[in-house]
file protein09.cif (mmCIF, C-alpha atoms)
data_work
#
loop_
_atom_site.label_atom_id
_atom_site.label_comp_id
_atom_site.auth_asym_id
_atom_site.auth_seq_id
_atom_site.Cartn_x
_atom_site.Cartn_y
_atom_site.Cartn_z
CA MET A 1040 0.00 0.00 0.00
CA PRO A 1041 1.19 3.54 -0.67
CA THR A 1042 2.76 5.69 1.98
CA THR A 1043 1.79 9.35 1.91
CA THR A 1044 2.94 11.78 4.56
CA ALA A 1045 1.83 15.28 5.47
CA THR A 1046 4.23 17.49 7.39
CA ILE A 1047 3.50 20.89 8.87
CA THR A 1048 6.09 23.30 10.19
CA LEU A 1049 5.03 26.45 12.02
CA SER A 1050 7.85 28.84 12.75
CA SER A 1051 8.54 32.39 13.81
CA SER A 1052 11.55 34.16 15.23
CA ASP A 1053 9.66 37.23 16.42
CA LEU A 1054 6.06 36.34 17.28
CA LEU A 1055 7.13 35.44 20.81
CA THR A 1056 10.13 36.32 22.93
CA ASP A 1057 11.60 32.94 22.08
CA ASN A 1058 11.58 31.22 18.73
CA LEU A 1059 8.47 29.30 17.76
CA SER A 1060 9.20 26.05 15.96
CA LEU A 1061 6.53 23.38 15.75
CA SER A 1062 6.67 20.47 13.37
CA SER A 1063 4.46 17.44 12.95
CA THR A 1064 4.32 14.61 10.42
CA MET A 1065 1.41 12.26 9.88
CA THR A 1066 0.89 9.32 7.58
CA LEU A 1067 -2.38 9.17 5.69
CA TYR A 1068 -3.96 5.83 6.60
CA GLN A 1069 -7.27 4.22 5.78
CA ASP A 1070 -9.95 4.11 8.45
CA GLY A 1071 -9.72 1.21 10.85
CA THR A 1072 -6.20 0.22 9.87
CA THR A 1073 -2.84 0.51 11.55
CA ALA A 1074 -0.59 0.66 8.53
CA THR A 1075 -2.65 0.67 5.32
CA GLY A 1076 -2.16 3.88 3.43
CA LEU A 1077 -4.76 5.75 1.40
CA ASP A 1078 -4.31 4.72 -2.20
CA GLU A 1079 -6.21 7.24 -4.31
CA VAL A 1080 -5.55 10.91 -5.00
CA THR A 1081 -6.82 13.75 -7.15
CA TYR A 1082 -4.84 16.97 -7.57
CA SER A 1083 -6.43 19.85 -9.48
CA ARG A 1084 -6.09 23.52 -10.31
CA HIS A 1085 -9.02 25.85 -10.99
CA ASN A 1086 -9.64 29.48 -11.81
CA ILE A 1087 -12.55 30.53 -9.59
CA PRO A 1088 -14.54 33.54 -10.83
CA THR A 1089 -16.43 35.76 -8.44
CA GLY A 1090 -20.18 35.76 -8.01
CA THR A 1091 -20.94 32.07 -7.58
CA ASN A 1092 -20.55 29.60 -4.75
CA PHE A 1093 -19.09 26.44 -6.33
CA ASP A 1094 -18.81 22.84 -5.24
CA LEU A 1095 -15.07 22.25 -5.02
CA ILE A 1096 -15.47 18.69 -3.76
CA PRO A 1097 -19.10 17.55 -3.99
CA GLU A 1098 -20.19 14.80 -1.68
CA SER A 1099 -20.64 11.55 -3.49
CA ALA A 1100 -21.59 7.98 -2.73
CA ALA A 1101 -18.25 7.12 -4.28
CA LEU A 1102 -16.33 8.99 -1.58
CA THR A 1103 -17.92 7.76 1.61
CA GLU A 1104 -14.92 5.96 3.06
CA ASP A 1105 -14.31 7.57 6.43
CA ALA A 1106 -10.72 8.76 6.17
CA SER A 1107 -10.09 11.44 3.58
CA TYR A 1108 -7.84 14.49 3.66
CA VAL A 1109 -8.15 17.73 1.74
CA TYR A 1110 -5.46 20.25 0.83
CA ILE A 1111 -6.51 23.60 -0.63
CA ALA A 1112 -4.13 26.40 -1.62
CA ASN A 1113 -4.91 29.85 -2.93
CA LYS A 1114 -2.20 30.47 -5.53
CA THR A 1115 -3.36 34.00 -6.31
CA ASP A 1116 -0.51 36.52 -5.98
CA ASP A 1117 -2.67 39.39 -4.74
CA VAL A 1118 -3.18 39.15 -0.96
CA THR A 1119 -6.43 41.12 -1.15
CA TYR A 1120 -8.02 38.32 -3.17
CA TYR A 1121 -9.63 35.55 -1.17
CA VAL A 1122 -11.98 32.62 -1.27
CA ILE A 1123 -14.43 31.55 1.41
CA VAL A 1124 -14.28 27.81 2.01
CA SER A 1125 -17.30 26.18 3.58
CA ILE A 1126 -18.85 22.82 4.23
CA ASN A 1127 -22.24 23.31 2.69
CA ASP A 1128 -23.65 26.34 4.55
CA GLU A 1129 -21.11 26.38 7.40
CA VAL A 1130 -18.19 28.69 6.68
CA ILE A 1131 -14.76 27.38 7.68
CA GLY A 1132 -12.81 30.50 6.80
CA ARG A 1133 -11.10 32.67 4.24
CA LEU A 1134 -8.05 31.68 2.23
CA TYR A 1135 -6.28 34.80 1.03
CA GLY A 1136 -3.76 34.78 -1.81
CA GLY A 1137 -0.83 32.67 -0.62
CA ASP A 1138 -2.73 30.79 2.08
CA TRP A 1139 -3.26 27.03 2.30
CA MET A 1140 -5.27 24.67 4.48
CA PHE A 1141 -5.20 20.96 5.23
CA MET A 1142 -7.95 19.07 7.02
CA PRO A 1143 -9.66 15.72 7.32
CA TRP A 1144 -12.95 15.38 5.50
CA ASP A 1145 -15.85 13.06 6.19
CA CYS A 1146 -18.16 12.72 3.23
CA ASP A 1147 -21.39 12.03 5.10
CA LEU A 1148 -24.44 11.11 3.07
CA SER A 1149 -26.61 10.45 6.10
CA ALA A 1150 -27.76 14.04 6.46
CA ALA A 1151 -29.39 16.39 3.96
CA ALA A 1152 -28.25 16.35 0.34
CA ASN A 1153 -24.91 18.08 -0.23
CA ASP A 1154 -24.58 18.60 3.51
CA SER A 1155 -20.90 17.65 3.51
CA SER A 1156 -19.84 19.11 0.15
CA ILE A 1157 -16.81 21.41 0.29
CA GLU A 1158 -17.77 24.67 -1.35
CA ILE A 1159 -15.80 27.70 -2.44
CA GLN A 1160 -16.60 31.26 -3.48
CA ALA A 1161 -14.12 33.85 -4.76
CA TYR A 1162 -14.05 37.52 -3.80
CA THR A 1163 -12.27 40.63 -5.11
CA GLY A 1164 -11.40 38.91 -8.39
CA GLU A 1165 -10.71 35.57 -10.02
CA ASN A 1166 -8.77 33.34 -7.62
CA ILE A 1167 -6.46 30.50 -8.64
CA ILE A 1168 -7.03 27.47 -6.46
CA GLU A 1169 -5.16 24.19 -6.22
CA HIS A 1170 -6.59 21.32 -4.24
CA ALA A 1171 -5.79 17.71 -3.53
CA LEU A 1172 -8.01 14.99 -2.12
CA PHE A 1173 -6.39 11.88 -0.63
CA HIS A 1174 -8.88 9.08 -0.15
CA ASN A 1175 -9.68 5.47 -0.97
CA GLY A 1176 -12.55 3.36 -2.13
CA GLU A 1177 -13.84 5.60 -4.90
CA THR A 1178 -15.96 3.85 -7.47
CA LEU A 1179 -16.26 5.54 -10.82
CA LEU A 1180 -19.82 6.37 -11.83
CA THR A 1181 -21.36 4.39 -14.61
CA ALA A 1182 -21.49 6.40 -17.80
CA ALA A 1183 -24.95 7.76 -18.51
CA ASP A 1184 -24.95 6.31 -22.03
CA SER A 1185 -23.56 2.90 -21.15
CA MET B 770 5.26 43.03 12.94
CA ALA B 771 5.90 39.38 13.46
CA THR B 772 6.65 37.00 10.64
CA THR B 773 5.15 33.56 11.12
CA THR B 774 5.22 30.93 8.42
CA ALA B 775 3.29 27.73 7.95
CA THR B 776 4.82 25.16 5.62
CA ILE B 777 3.17 21.99 4.39
CA THR B 778 4.82 19.13 2.59
CA LEU B 779 2.73 16.33 1.12
CA ALA B 780 4.89 13.52 -0.17
CA SER B 781 4.48 10.06 -1.58
CA SER B 782 6.71 7.95 -3.75
CA ASP B 783 4.15 5.27 -4.49
CA ILE B 784 0.57 6.61 -4.51
CA ALA B 785 1.06 7.30 -8.21
CA ASP B 786 3.50 6.26 -10.90
CA SER B 787 5.44 9.49 -10.40
CA ASN B 788 6.41 10.93 -7.07
CA ILE B 789 4.03 13.40 -5.48
CA SER B 790 5.70 16.23 -3.65
CA ILE B 791 3.56 19.23 -2.82
CA SER B 792 5.20 21.93 -0.75
CA ASN B 793 3.78 25.31 0.12
CA THR B 794 4.70 28.03 2.60
CA ALA B 795 2.20 30.64 3.75
CA THR B 796 3.09 33.71 5.74
CA LEU B 797 0.36 34.30 8.30
CA THR B 798 -0.94 37.84 7.74
CA THR B 799 -3.84 39.99 8.74
CA ALA B 800 -6.82 39.97 6.39
CA GLY B 801 -5.92 41.18 2.92
CA THR B 802 -2.53 42.66 3.86
CA ASP B 803 1.18 41.79 4.05
CA THR B 804 1.21 42.56 7.77
CA GLY B 805 2.05 39.59 9.95
CA LEU B 806 -0.34 38.24 12.55
CA SER B 807 0.82 39.38 15.95
CA GLU B 808 -1.36 37.46 18.37
CA PHE B 809 -1.12 33.83 19.35
CA THR B 810 -2.84 31.72 21.96
CA GLY B 811 0.22 29.56 22.43
CA VAL B 812 0.04 25.83 22.01
CA ALA B 813 -2.47 24.36 24.45
CA ARG B 814 -3.05 20.76 25.40
CA LYS B 815 -6.37 19.31 26.55
CA LYS B 816 -7.04 15.81 27.86
CA PHE B 817 -10.50 14.34 28.04
CA ALA B 818 -12.17 10.98 28.41
CA SER B 819 -15.68 11.48 27.10
CA SER B 820 -17.62 10.76 23.97
CA SER B 821 -19.83 13.78 24.54
CA ASN B 822 -19.63 16.86 22.37
CA ILE B 823 -17.00 19.28 23.74
CA VAL B 824 -16.25 22.89 22.80
CA LEU B 825 -12.56 23.34 21.94
CA LEU B 826 -12.66 26.98 20.81
CA ASP B 827 -15.64 28.90 22.14
CA HIS B 828 -16.89 31.71 19.96
CA GLY B 829 -19.86 32.64 22.08
CA LEU B 830 -17.84 34.60 24.61
CA THR B 831 -17.82 38.37 24.82
CA GLY B 832 -14.09 38.68 25.41
CA GLY B 833 -10.74 37.09 24.66
CA ILE B 834 -10.07 35.20 21.47
CA ALA B 835 -13.76 34.70 20.88
CA GLN B 836 -14.24 38.40 20.52
CA ASP B 837 -11.19 38.89 18.30
CA VAL B 838 -11.87 36.24 15.67
CA THR B 839 -14.46 37.48 13.21
CA ALA B 840 -15.04 36.85 9.56
CA ASP B 841 -13.44 40.06 8.35
CA LYS B 842 -10.25 39.31 10.23
CA SER B 843 -7.69 36.53 9.81
CA ALA B 844 -7.27 33.53 12.08
CA LYS B 845 -5.60 30.15 11.62
CA VAL B 846 -6.24 27.11 13.76
CA TYR B 847 -3.89 24.16 14.29
CA ILE B 848 -5.21 21.01 15.96
CA LYS B 849 -3.42 17.71 16.52
CA ASN B 850 -4.63 14.44 18.02
CA ILE B 851 -1.66 13.44 20.17
CA ASN B 852 -2.84 9.88 20.86
CA ASP B 853 -1.17 6.88 19.31
CA ARG B 854 -3.02 5.53 16.31
CA GLY B 855 -3.81 2.32 18.17
CA ASP B 856 -5.90 -0.06 16.08
CA GLY B 857 -6.95 2.75 13.77
CA THR B 858 -10.56 2.86 14.92
CA LYS B 859 -10.30 5.66 17.49
CA TYR B 860 -10.60 9.26 16.44
CA VAL B 861 -12.10 12.62 17.27
CA ASN B 862 -14.69 14.19 15.01
CA ILE B 863 -13.88 17.87 14.54
CA LEU B 864 -16.97 20.02 14.05
CA LEU B 865 -17.90 23.56 13.16
CA VAL B 866 -20.77 23.95 15.57
CA THR B 867 -22.77 20.85 14.56
CA LYS B 868 -21.29 20.41 11.08
CA GLU B 869 -18.70 17.66 10.93
CA ILE B 870 -15.45 18.55 9.19
CA GLY B 871 -13.71 15.23 9.52
CA ARG B 872 -11.89 12.76 11.70
CA LEU B 873 -8.53 13.22 13.36
CA TYR B 874 -7.11 9.80 14.13
CA GLY B 875 -4.22 9.41 16.55
CA GLY B 876 -1.24 11.35 15.17
CA ASP B 877 -3.30 13.38 12.71
CA TRP B 878 -3.20 17.18 12.50
CA MET B 879 -5.15 19.88 10.66
CA PHE B 880 -4.55 23.54 9.85
CA ILE B 881 -7.47 25.69 8.72
CA PRO B 882 -8.56 29.31 8.52
CA TRP B 883 -11.30 30.17 11.00
CA SER B 884 -13.85 32.83 10.29
CA GLY B 885 -15.65 32.37 13.54
CA GLY B 886 -18.67 34.52 14.19
CA SER B 887 -21.27 34.44 16.89
CA GLY B 888 -21.68 30.91 18.16
CA LYS B 889 -19.34 29.45 15.54
CA ASP B 890 -17.42 27.25 17.92
CA ILE B 891 -14.92 24.60 16.95
CA GLU B 892 -16.02 21.47 18.75
CA PHE B 893 -15.10 17.82 18.85
CA THR B 894 -16.60 14.45 19.69
CA ALA B 895 -14.45 11.43 20.46
CA SER B 896 -15.33 8.04 19.07
CA ASP B 897 -15.28 6.53 22.57
CA THR B 898 -14.33 7.35 26.16
CA THR B 899 -10.66 6.39 25.83
CA GLU B 900 -8.52 9.25 27.14
CA THR B 901 -7.60 11.48 24.23
CA THR B 902 -5.20 14.40 24.13
CA LEU B 903 -5.51 17.27 21.69
CA GLU B 904 -3.01 20.04 21.09
CA TYR B 905 -4.25 23.24 19.50
CA ALA B 906 -3.23 26.79 18.75
CA VAL B 907 -4.78 29.87 17.20
CA PHE B 908 -2.92 32.61 15.34
CA TYR B 909 -5.12 35.68 15.00
CA GLU B 910 -5.33 39.45 14.65
#

call {"tool": "encode", "arguments": {"input": "protein09.cif", "output": "structure tokens"}}
result
Amino acid sequence: MPTTTATITLSSSDLLTDNLSLSSTMTLYQDGTTATGLDEVTYSRHNIPTGTNFDLIPESAALTEDASYVYIANKTDDVTYYVIVSINDEVIGRLYGGDWMFMPWDCDLSAAANDSSIEIQAYTGENIIEHALFHNGETLLTAADS
Amino acid sequence: MATTTATITLASSDIADSNISISNTATLTTAGTDTGLSEFTGVARKKFASSSNIVLLDHGLTGGIAQDVTADKSAKVYIKNINDRGDGTKYVNILLVTKEIGRLYGGDWMFIPWSGGSGKDIEFTASDTTETTLEYAVFYE
């Protein structure tokens, strides 16, 4: 099984009196396992125009395995540009140009439709967004004309 | 103003035919500016042994961090489940109020922006009553 790691390093030499240096590495495993790595990934880049709230990662019966992780980066150069990232109608926060986020995601179909979809809306101007979804168990949808 | 950076590296040599190596560094700034965030809760650690819903970051307060974190400002939240992974079935559900974000298994971490707003707490629910330890920190303006 694949091994995928995610490492964060938070550092500052002048936020506190002493240096701040925090680092953590995790391995992305499947739910209910001790050493079986997630084995599927999508990595995309989008230009997000203003004026519409979009599904960035729509919930899907194909994505209901319990352990998934999402990375989203705002690659826009202008720091006044931002996107609001939400889970359906619950706002997580704003990613300004240059920001990134990483979080677990539970695609939960038990509640209302689209209740766990990750949504995104751009402000100030068109934002360039990259995102990755690490997961397992996805089943491709049958083609409508099959 | 302070300069604080957050760097992520996502790496795998075998999830695809070619190596995946995603690396990104963000400088934590106030909303829409190049000015560094200057306030920090410090890294806190909380132990609990309950499967009830628990408020980690309370946004219903009238003072302190709760008052400072609003949607038109900038705040970043770091949370880590310090427990060992164990058999891989124990986790904490991280929620925005009642909306589930996802599961942090033992050893997992997350780093997200936080708009906050009245009553917009960050909460968690453990999968069982095994003692669990979370570390968390908020950078804010």

call {"tool": "closest_residue", "arguments": {"input": "protein09.cif", "among": "B:Val846, B:Val824, B:Ala813, B:Ile834", "to": "Ala895 in chain B", "atoms": "only C-alpha atoms"}}
result
B:Val824

call {"tool": "closest_residue", "arguments": {"input": "protein09.cif", "among": "A:Tyr1082, A:Tyr1162, A:Tyr1121, A:Trp1144", "to": "Ala785 in chain B", "atoms": "all atoms listed in the file"}}
result
A:Tyr1082

call {"tool": "resolve_selection", "arguments": {"input": "protein09.cif", "expression": "the PyMOL selection byres ((chain A and resi 1109) around 9)", "output": "PyMOL selection string"}}
result
chain A and resi 1107-1108+1110-1111+1140-1144+1170-1174

call {"tool": "resolve_selection", "arguments": {"input": "protein09.cif", "expression": "the PyMOL selection byres ((chain B and resi 887) around 10)", "output": "list in words"}}
result
Asp827, His828, Gly829, Leu830, Thr831, Ala835, Gln836, Val838, Thr839, Ala840, Gly885, Gly886, Gly888, Lys889 and Asp890 of chain B

call {"tool": "resolve_selection", "arguments": {"input": "protein09.cif", "expression": "the PyMOL selection byres ((chain B and resi 903) around 8)", "output": "PyMOL selection string"}}
result
chain B and resi 814-816+848-852+901-902+904-905

call {"tool": "closest_residue", "arguments": {"input": "protein09.cif", "among": "B:Thr796, B:Thr773, B:Ser884, B:Ser820", "to": "Gly1136 in chain A", "atoms": "only C-alpha atoms"}}
result
B:Thr796

call {"tool": "closest_residue", "arguments": {"input": "protein09.cif", "among": "B:Asn788, B:Ser843, B:Ser821, B:Ser782", "to": "Asp803 in chain B", "atoms": "all atoms listed in the file"}}
result
B:Ser843
